[in-house]
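What follows is the content of input.cif (mmCIF, C-alpha atoms).
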```
data_target
#
loop_
_atom_site.group_PDB
_atom_site.id
_atom_site.type_symbol
_atom_site.label_atom_id
_atom_site.label_comp_id
_atom_site.auth_asym_id
_atom_site.auth_seq_id
_atom_site.Cartn_x
_atom_site.Cartn_y
_atom_site.Cartn_z
ATOM 1 C CA MET A 1 0.000 0.000 0.000
ATOM 2 C CA ARG A 2 2.870 2.412 0.780
ATOM 3 C CA HIS A 3 4.467 1.851 -2.680
ATOM 4 C CA SER A 4 1.100 2.255 -4.390
ATOM 5 C CA GLY A 5 0.681 5.624 -2.625
ATOM 6 C CA MET A 6 4.105 6.746 -3.859
ATOM 7 C CA TYR A 7 3.251 5.748 -7.445
ATOM 8 C CA VAL A 8 -0.059 7.583 -7.239
ATOM 9 C CA GLY A 9 1.780 10.698 -5.943
ATOM 10 C CA SER A 10 4.220 10.563 -8.870
ATOM 11 C CA ALA A 11 1.339 10.256 -11.329
ATOM 12 C CA ALA A 12 -0.371 13.237 -9.697
ATOM 13 C CA MET A 13 2.825 15.286 -10.078
ATOM 14 C CA TYR A 14 3.021 14.392 -13.773
ATOM 15 C CA VAL A 15 -0.606 15.405 -14.213
ATOM 16 C CA GLY A 16 0.205 18.724 -12.473
ATOM 17 C CA CYS A 17 3.099 19.301 -14.877
ATOM 18 C CA ALA A 18 0.865 18.598 -17.866
ATOM 19 C CA THR A 19 -1.706 21.031 -16.482
ATOM 20 C CA THR A 20 1.042 23.671 -16.110
ATOM 21 C CA TYR A 21 2.046 23.139 -19.737
ATOM 22 C CA LEU A 22 -1.546 23.536 -20.856
ATOM 23 C CA GLY A 23 -1.874 26.741 -18.796
ATOM 24 C CA CYS A 24 1.276 28.168 -20.295
ATOM 25 C CA ALA A 25 0.042 27.330 -23.805
ATOM 26 C CA ALA A 26 -3.291 29.037 -23.096
ATOM 27 C CA LYS A 27 -1.461 32.065 -21.695
ATOM 28 C CA TYR A 28 0.752 32.143 -24.768
ATOM 29 C CA LEU A 29 -2.269 32.077 -27.068
ATOM 30 C CA CYS A 30 -3.879 34.881 -25.080
ATOM 31 C CA CYS A 31 -0.696 36.964 -25.433
ATOM 32 C CA VAL A 32 -0.604 36.263 -29.176
ATOM 33 C CA ALA A 33 -4.202 37.350 -29.508
ATOM 34 C CA LYS A 34 -3.498 40.506 -27.487
ATOM 35 C CA TYR A 35 -0.440 41.409 -29.528
ATOM 36 C CA LEU A 36 -2.295 40.725 -32.791
ATOM 37 C CA GLY A 37 -5.005 43.073 -31.602
ATOM 38 C CA CYS A 38 -2.392 45.719 -30.879
ATOM 39 C CA ALA A 39 -0.864 45.112 -34.332
ATOM 40 C CA ALA A 40 -4.283 45.514 -35.962
ATOM 41 C CA THR A 41 -4.746 48.792 -34.113
ATOM 42 C CA TYR A 42 -1.399 50.040 -35.333
ATOM 43 C CA LEU A 43 -2.235 48.964 -38.871
ATOM 44 C CA GLY A 44 -5.538 50.862 -38.643
ATOM 45 C CA PHE A 45 -3.702 53.976 -37.513
ATOM 46 C CA ALA A 46 -1.243 53.468 -40.373
ATOM 47 C CA ALA A 47 -3.992 53.123 -42.978
ATOM 48 C CA THR A 48 -5.675 56.304 -41.745
ATOM 49 C CA TYR A 49 -2.438 58.098 -41.768
ATOM 50 C CA MET A 50 -1.640 56.955 -45.315
ATOM 51 C CA ILE A 51 -4.952 58.240 -46.511
ATOM 52 C CA GLU A 52 -4.451 61.641 -44.932
ATOM 53 C CA LYS A 53 -0.781 62.105 -45.745
ATOM 54 C CA THR A 54 1.399 61.683 -48.728
ATOM 55 C CA GLY A 55 3.172 58.520 -49.726
ATOM 56 C CA LEU A 56 6.502 59.933 -48.522
ATOM 57 C CA LEU A 57 5.197 60.315 -45.055
ATOM 58 C CA LEU A 58 3.856 56.724 -45.235
ATOM 59 C CA LEU A 59 7.296 55.491 -46.074
ATOM 60 C CA SER A 60 8.709 57.275 -43.033
ATOM 61 C CA VAL A 61 6.040 55.742 -40.739
ATOM 62 C CA LEU A 62 6.317 52.127 -41.984
ATOM 63 C CA PRO A 63 9.823 51.499 -40.509
ATOM 64 C CA ASN A 64 8.579 52.643 -37.102
ATOM 65 C CA LEU A 65 5.557 50.384 -37.442
ATOM 66 C CA ALA A 66 7.728 47.416 -38.365
ATOM 67 C CA GLY A 67 9.987 48.146 -35.422
ATOM 68 C CA ALA A 68 6.976 48.243 -33.098
ATOM 69 C CA LEU A 69 5.721 44.889 -34.432
ATOM 70 C CA LEU A 70 9.222 43.430 -34.080
ATOM 71 C CA SER A 71 9.392 44.678 -30.493
ATOM 72 C CA LEU A 72 5.992 43.126 -29.755
ATOM 73 C CA ALA A 73 7.108 39.796 -31.217
ATOM 74 C CA THR A 74 10.316 39.937 -29.198
ATOM 75 C CA VAL A 75 8.392 40.607 -26.009
ATOM 76 C CA MET A 76 5.973 37.745 -26.805
ATOM 77 C CA TYR A 77 8.826 35.332 -27.467
ATOM 78 C CA SER A 78 10.684 36.439 -24.375
ATOM 79 C CA ASP A 79 7.602 35.959 -22.184
ATOM 80 C CA SER A 80 6.908 32.573 -23.721
ATOM 81 C CA ASP A 81 10.572 31.571 -23.208
ATOM 82 C CA ASP A 82 10.393 32.606 -19.562
ATOM 83 C CA ASP A 83 7.212 30.597 -19.075
ATOM 84 C CA TYR A 84 8.667 27.649 -20.921
ATOM 85 C CA SER A 85 11.869 27.815 -18.831
ATOM 86 C CA SER A 86 9.883 27.913 -15.599
ATOM 87 C CA VAL A 87 7.835 24.972 -16.803
ATOM 88 C CA ASN A 88 11.025 23.084 -17.691
ATOM 89 C CA LEU A 89 12.398 23.845 -14.251
ATOM 90 C CA ASN A 90 9.219 22.519 -12.672
ATOM 91 C CA VAL A 91 9.337 19.412 -14.854
ATOM 92 C CA ASN A 92 13.004 18.808 -14.047
ATOM 93 C CA SER A 93 12.335 19.215 -10.332
ATOM 94 C CA VAL A 94 9.422 16.807 -10.637
ATOM 95 C CA LYS A 95 11.618 14.333 -12.500
ATOM 96 C CA GLU A 96 14.313 14.659 -9.830
ATOM 97 C CA GLU A 97 11.763 14.149 -7.069
ATOM 98 C CA ASN A 98 10.319 11.191 -8.955
ATOM 99 C CA SER A 99 13.818 9.704 -9.338
ATOM 100 C CA ILE A 100 14.453 10.172 -5.626
ATOM 101 C CA ASN A 101 11.080 8.618 -4.857
ATOM 102 C CA CYS A 102 11.862 5.680 -7.133
ATOM 103 C CA ASN A 103 15.216 5.160 -5.419
ATOM 104 C CA ASN A 104 13.499 5.396 -2.039
ATOM 105 C CA CYS A 105 10.903 2.996 -3.346
ATOM 106 C CA ASP A 106 13.592 0.488 -4.317
ATOM 107 C CA ILE A 107 15.221 0.829 -0.896
ATOM 108 C CA SER A 108 11.835 0.489 0.785
ATOM 109 C CA GLU A 109 11.044 -2.590 -1.290
ATOM 110 C CA LYS A 110 14.347 -4.178 -0.227
ATOM 111 C CA LYS A 111 13.692 -3.324 3.409
ATOM 112 C CA HIS A 112 10.167 -4.662 3.043
ATOM 113 C CA ALA A 113 11.509 -7.920 1.592
ATOM 114 C CA ASP A 114 14.018 -8.219 4.482
ATOM 115 C CA LEU A 115 11.307 -7.494 7.038
ATOM 116 C CA THR A 116 9.045 -10.054 5.366
ATOM 117 C CA MET A 117 11.764 -12.718 5.661
ATOM 118 C CA LYS A 118 12.394 -11.804 9.314
ATOM 119 C CA HIS A 119 8.652 -11.892 9.951
ATOM 120 C CA ARG A 120 8.427 -15.381 8.443
ATOM 121 C CA ASP A 121 11.376 -16.543 10.567
ATOM 122 C CA LEU A 122 9.760 -15.090 13.684
ATOM 123 C CA GLU A 123 6.457 -16.754 12.809
ATOM 124 C CA LYS A 124 8.272 -20.084 12.439
ATOM 125 C CA GLU A 125 10.039 -19.617 15.775
ATOM 126 C CA HIS A 126 6.718 -18.638 17.349
ATOM 127 C CA THR A 127 5.088 -21.780 15.939
ATOM 128 C CA ASP A 128 7.941 -23.932 17.277
ATOM 129 C CA LEU A 129 7.652 -22.274 20.683
ATOM 130 C CA GLU A 130 3.899 -22.867 20.723
ATOM 131 C CA ASN A 131 4.425 -26.538 19.876
ATOM 132 C CA ASN A 132 7.042 -26.874 22.617
ATOM 133 C CA HIS A 133 4.717 -25.083 25.018
ATOM 134 C CA ASN A 134 1.899 -27.483 24.158
ATOM 135 C CA ASP A 135 4.231 -30.449 24.704
ATOM 136 C CA PHE A 136 5.295 -29.062 28.078
ATOM 137 C CA GLU A 137 1.667 -28.493 29.023
ATOM 138 C CA MET A 138 0.818 -32.115 28.166
ATOM 139 C CA LYS A 139 3.799 -33.331 30.189
ATOM 140 C CA HIS A 140 2.786 -31.036 33.041
ATOM 141 C CA ILE A 141 -0.758 -32.449 32.965
ATOM 142 C CA ASP A 142 0.612 -36.004 33.009
ATOM 143 C CA LEU A 143 2.972 -35.168 35.878
ATOM 144 C CA ALA A 144 0.158 -33.483 37.792
ATOM 145 C CA LYS A 145 -1.996 -36.575 37.286
ATOM 146 C CA LYS A 146 0.826 -38.847 38.459
ATOM 147 C CA GLN A 147 1.462 -36.553 41.413
ATOM 148 C CA THR A 148 -2.223 -36.768 42.355
ATOM 149 C CA GLU A 149 -2.097 -40.557 42.162
ATOM 150 C CA LEU A 150 1.108 -40.636 44.233
ATOM 151 C CA GLU A 151 -0.420 -38.293 46.805
ATOM 152 C CA LYS A 152 -3.447 -40.577 47.013
ATOM 153 C CA LYS A 153 -1.200 -43.630 47.445
ATOM 154 C CA HIS A 154 0.854 -41.733 50.026
ATOM 155 C CA SER A 155 -2.339 -40.847 51.885
ATOM 156 C CA ASP A 156 -3.440 -44.481 51.803
ATOM 157 C CA LEU A 157 -0.012 -45.581 53.036
ATOM 158 C CA ASP A 158 -0.135 -42.992 55.821
ATOM 159 C CA LYS A 159 -3.522 -44.303 56.831
ATOM 160 C CA LYS A 160 -2.241 -47.882 56.771
ATOM 161 C CA HIS A 161 0.862 -46.823 58.719
ATOM 162 C CA THR A 162 -1.336 -45.133 61.309
ATOM 163 C CA ASP A 163 -3.437 -48.270 61.579
ATOM 164 C CA LEU A 164 -0.299 -50.399 61.873
ATOM 165 C CA ASP A 165 1.100 -48.073 64.539
ATOM 166 C CA LYS A 166 -2.139 -48.370 66.449
ATOM 167 C CA LYS A 167 -2.110 -52.159 66.087
ATOM 168 C CA HIS A 168 1.556 -52.243 67.100
ATOM 169 C CA THR A 169 0.791 -50.141 70.175
ATOM 170 C CA ASP A 170 -2.091 -52.417 71.028
ATOM 171 C CA LEU A 171 0.087 -55.498 70.545
ATOM 172 C CA GLU A 172 2.865 -54.021 72.676
ATOM 173 C CA LYS A 173 0.342 -53.274 75.399
ATOM 174 C CA LYS A 174 -1.101 -56.775 75.157
ATOM 175 C CA TYR A 175 2.396 -58.273 75.198
ATOM 176 C CA SER A 176 3.396 -56.121 78.168
ATOM 177 C CA ASP A 177 0.231 -57.097 80.021
ATOM 178 C CA LEU A 178 0.790 -60.759 79.155
ATOM 179 C CA VAL A 179 4.427 -60.699 80.301
ATOM 180 C CA LYS A 180 3.425 -58.970 83.527
ATOM 181 C CA GLU A 181 0.714 -61.550 84.103
ATOM 182 C CA LEU A 182 3.133 -64.434 83.404
ATOM 183 C CA ARG A 183 5.816 -62.859 85.593
ATOM 184 C CA ASP A 184 3.296 -62.546 88.421
ATOM 185 C CA ARG A 185 2.271 -66.165 87.968
ATOM 186 C CA ILE A 186 5.782 -67.620 88.127
ATOM 187 C CA GLU A 187 6.953 -65.255 90.866
ATOM 188 C CA CYS A 188 8.046 -67.135 94.003
ATOM 189 C CA PRO A 189 5.650 -66.401 96.892
ATOM 190 C CA VAL A 190 8.519 -66.688 99.399
ATOM 191 C CA CYS A 191 11.327 -64.478 97.951
ATOM 192 C CA PHE A 192 9.007 -62.518 95.577
ATOM 193 C CA GLU A 193 11.436 -62.907 92.698
ATOM 194 C CA VAL A 194 10.986 -64.383 89.251
ATOM 195 C CA PRO A 195 13.262 -67.435 88.882
ATOM 196 C CA GLU A 196 16.015 -66.936 86.325
ATOM 197 C CA SER A 197 16.587 -70.657 85.813
ATOM 198 C CA GLY A 198 14.900 -73.970 86.498
ATOM 199 C CA PRO A 199 13.774 -76.114 87.993
ATOM 200 C CA VAL A 200 10.525 -74.565 89.258
ATOM 201 C CA PHE A 201 8.553 -76.783 91.622
ATOM 202 C CA SER A 202 4.763 -76.907 91.942
ATOM 203 C CA CYS A 203 2.391 -78.298 94.523
ATOM 204 C CA PRO A 204 -0.586 -80.559 93.678
ATOM 205 C CA ASN A 205 -2.736 -77.408 93.443
ATOM 206 C CA GLY A 206 -0.419 -75.781 90.895
ATOM 207 C CA HIS A 207 1.290 -73.194 93.077
ATOM 208 C CA LEU A 208 4.882 -72.511 92.106
ATOM 209 C CA VAL A 209 7.995 -71.997 94.211
ATOM 210 C CA CYS A 210 11.643 -71.507 93.202
ATOM 211 C CA SER A 211 14.273 -74.119 93.905
ATOM 212 C CA ASN A 212 15.898 -71.971 96.595
ATOM 213 C CA CYS A 213 12.668 -71.537 98.620
ATOM 214 C CA ARG A 214 11.217 -75.061 98.273
ATOM 215 C CA THR A 215 10.155 -76.796 101.521
ATOM 216 C CA ASP A 216 8.085 -79.841 102.385
ATOM 217 C CA SER A 217 4.829 -77.832 102.344
ATOM 218 C CA CYS A 218 3.442 -75.362 99.839
ATOM 219 C CA PRO A 219 3.833 -71.772 101.062
ATOM 220 C CA SER A 220 0.520 -70.827 99.419
ATOM 221 C CA CYS A 221 -1.893 -73.664 100.368
ATOM 222 C CA ARG A 222 0.224 -75.581 102.948
ATOM 223 C CA THR A 223 -0.231 -78.887 101.158
ATOM 224 C CA LYS A 224 2.608 -81.356 101.032
ATOM 225 C CA MET A 225 5.191 -80.595 98.387
ATOM 226 C CA PHE A 226 6.434 -83.398 96.240
ATOM 227 C CA ARG A 227 9.171 -83.199 93.647
ATOM 228 C CA ASN A 228 6.815 -82.054 90.935
ATOM 229 C CA LYS A 229 8.488 -79.730 88.411
ATOM 230 C CA SER A 230 6.603 -77.286 86.182
ATOM 231 C CA ILE A 231 7.839 -77.479 82.599
ATOM 232 C CA LEU A 232 5.459 -74.663 81.644
ATOM 233 C CA ALA A 233 6.976 -72.339 84.238
ATOM 234 C CA VAL A 234 10.500 -73.037 82.923
ATOM 235 C CA THR A 235 9.302 -72.389 79.340
ATOM 236 C CA VAL A 236 7.795 -69.049 80.411
ATOM 237 C CA LEU A 237 10.883 -67.817 82.296
ATOM 238 C CA GLU A 238 13.102 -68.751 79.349
ATOM 239 C CA ASN A 239 10.970 -66.606 76.934
ATOM 240 C CA ILE A 240 10.252 -63.428 78.858
ATOM 241 C CA GLU A 241 12.421 -60.397 79.689
ATOM 242 C CA HIS A 242 13.882 -60.352 83.167
ATOM 243 C CA GLN A 243 14.513 -57.197 85.152
ATOM 244 C CA CYS A 244 18.077 -56.590 86.320
ATOM 245 C CA LYS A 245 18.392 -57.205 90.065
ATOM 246 C CA ILE A 246 21.168 -54.642 90.555
ATOM 247 C CA GLU A 247 19.884 -51.520 92.246
ATOM 248 C CA GLY A 248 19.623 -48.539 89.929
ATOM 249 C CA CYS A 249 19.467 -50.620 86.722
ATOM 250 C CA ASP A 250 16.082 -50.771 85.024
ATOM 251 C CA ALA A 251 17.188 -52.909 82.079
ATOM 252 C CA GLU A 252 15.093 -55.816 80.911
ATOM 253 C CA ILE A 253 17.166 -58.707 79.577
ATOM 254 C CA ILE A 254 16.158 -61.816 77.694
ATOM 255 C CA PHE A 255 16.949 -65.143 79.286
ATOM 256 C CA GLY A 256 20.008 -65.908 77.165
ATOM 257 C CA ASP A 257 21.718 -62.549 77.935
ATOM 258 C CA ILE A 258 21.258 -62.494 81.727
ATOM 259 C CA GLU A 259 24.716 -63.881 82.557
ATOM 260 C CA ALA A 260 26.562 -61.520 80.162
ATOM 261 C CA HIS A 261 24.618 -58.513 81.452
ATOM 262 C CA MET A 262 25.383 -59.349 85.072
ATOM 263 C CA LYS A 263 29.131 -59.389 84.300
ATOM 264 C CA THR A 264 29.073 -55.880 82.750
ATOM 265 C CA CYS A 265 26.382 -54.150 84.803
#
```

Could the structure of this file be written out as structure tokens, please?
Amino acid sequence: MRHSGMYVGSAAMYVGCATTYLGCAAKYLCCVAKYLGCAATYLGFAATYMIEKTGLLLLSVLPNLAGALLSLATVMYSDSDDDYSSVNLNVNSVKEENSINCNNCDISEKKHADLTMKHRDLEKEHTDLENNHNDFEMKHIDLAKKQTELEKKHSDLDKKHTDLDKKHTDLEKKYSDLVKELRDRIECPVCFEVPESGPVFSCPNGHLVCSNCRTDSCPSCRTKMFRNKSILAVTVLENIEHQCKIEGCDAEIIFGDIEAHMKTC
């Protein structure tokens, strides 16, 4: 559109030059008509004068008349030359401006072609960036979906872990209660200590007593003690934790580590 406007401007300038030429031609014709009218007036004066005067006087007037006509023609030609020169100057300036405009047009066309190529390159880069952006968005959606699934699994695992912790706490409590109950059951009613080794004797009623405190009668029910040994009591004391008997030590030791602990405690 910019080049079309420049071409239209050049055409308008040419049309203006042509109009100037036509104006000058009309002006020239008007001058010719004016000078011809003046010449006719002079000729009329000359004819009247020839009628009134003698032929000698006519001969003396004719050179002056011819000089006047020659002067008029010179003035007409000079004016027309001045107008024609001004018109030529205008035309030359128009041609120069048109040449400059054409050169500018060529430069503008080259710049336009370069800008068009850069625009195409930028459009291609923009398209590539949009495609990469779409790929990243798809990957982001997939990662967000996977993250949601992992968070759900993590939540389920946390719930299971909480349940397991609760069950573990319950089992520890049950185990602690069971060990306490078993320790109370195998505790000697005489020395009030849990035997650390067998044998453990029992009366006919099932009461237990350690080997160090055994007598002929049961300390609990006073029945006669025989040499009955409780295998169950020995099994229990071999599978529970025993408290350290040294004052100030609260350690609980399994049956197999009692001797080693006593040496180092």

Legend entry - Two-atom distance - atom CA of A:Asp163, atom CA of A:Ile254 (Å):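 Separation of atom CA of A:Asp163 and atom CA of A:Ile254: 28.8 Å.
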
Inset, instruction - Give me the result of the PyMOL selection byres ((chain A and resi 176-190) around 8) on this file, residue by residue, as a list of chain:residue names. - result: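 Evaluating the PyMOL selection byres ((chain A and resi 176-190) around 8) on these coordinates yields A:Glu172, A:Lys173, A:Lys174, A:Tyr175, A:Cys191, A:Phe192, A:Glu193, A:Val194, A:Pro195, A:Leu208, A:Val209, A:Cys210, A:Cys213, A:Pro219, A:Ser220, A:Ala233, A:Val236, A:Leu237, A:Ile240.
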
If you keep C-alpha atoms, can you produce a file of those selected residues as a JSON list (two decimals), keeping the file's coordinate frame?
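The result, stored in out.json:
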```json
[["chain", "number", "residue", "atom", "x", "y", "z"],
["A", 172, "GLU", "CA", 2.86, -54.02, 72.68],
["A", 173, "LYS", "CA", 0.34, -53.27, 75.40],
["A", 174, "LYS", "CA", -1.10, -56.78, 75.16],
["A", 175, "TYR", "CA", 2.40, -58.27, 75.20],
["A", 191, "CYS", "CA", 11.33, -64.48, 97.95],
["A", 192, "PHE", "CA", 9.01, -62.52, 95.58],
["A", 193, "GLU", "CA", 11.44, -62.91, 92.70],
["A", 194, "VAL", "CA", 10.99, -64.38, 89.25],
["A", 195, "PRO", "CA", 13.26, -67.44, 88.88],
["A", 208, "LEU", "CA", 4.88, -72.51, 92.11],
["A", 209, "VAL", "CA", 8.00, -72.00, 94.21],
["A", 210, "CYS", "CA", 11.64, -71.51, 93.20],
["A", 213, "CYS", "CA", 12.67, -71.54, 98.62],
["A", 219, "PRO", "CA", 3.83, -71.77, 101.06],
["A", 220, "SER", "CA", 0.52, -70.83, 99.42],
["A", 233, "ALA", "CA", 6.98, -72.34, 84.24],
["A", 236, "VAL", "CA", 7.80, -69.05, 80.41],
["A", 237, "LEU", "CA", 10.88, -67.82, 82.30],
["A", 240, "ILE", "CA", 10.25, -63.43, 78.86]]
```

Inset, instruction - Identify which of the residues A:Asp165, A:Asp216, A:Glu196, A:Glu130 lies closest to A:Lys245, counting all atoms listed in the file when measuring atom-to-atom distances. - result: A:Glu196

Residue contacts of A:Ser230 (6 Å, all atoms listed in the file) excluding same-chain residues fewer than 2 positions away, as a JSON list (two decimals) with C-alpha atoms, keeping the file's coordinate frame:
```json
[["chain", "number", "residue", "atom", "x", "y", "z"],
["A", 200, "VAL", "CA", 10.52, -74.56, 89.26],
["A", 201, "PHE", "CA", 8.55, -76.78, 91.62],
["A", 232, "LEU", "CA", 5.46, -74.66, 81.64],
["A", 233, "ALA", "CA", 6.98, -72.34, 84.24]]
```

Legend entry - Atomic distance atom CA of A:Glu252 - atom CA of A:Thr235, expressed in Å with one decimal: 17.6 Å

Inset, instruction - Find the distance between atom CA of A:Glu123 and atom CA of A:His140 and write it in Å to one decimal. - result: 25.0 Å
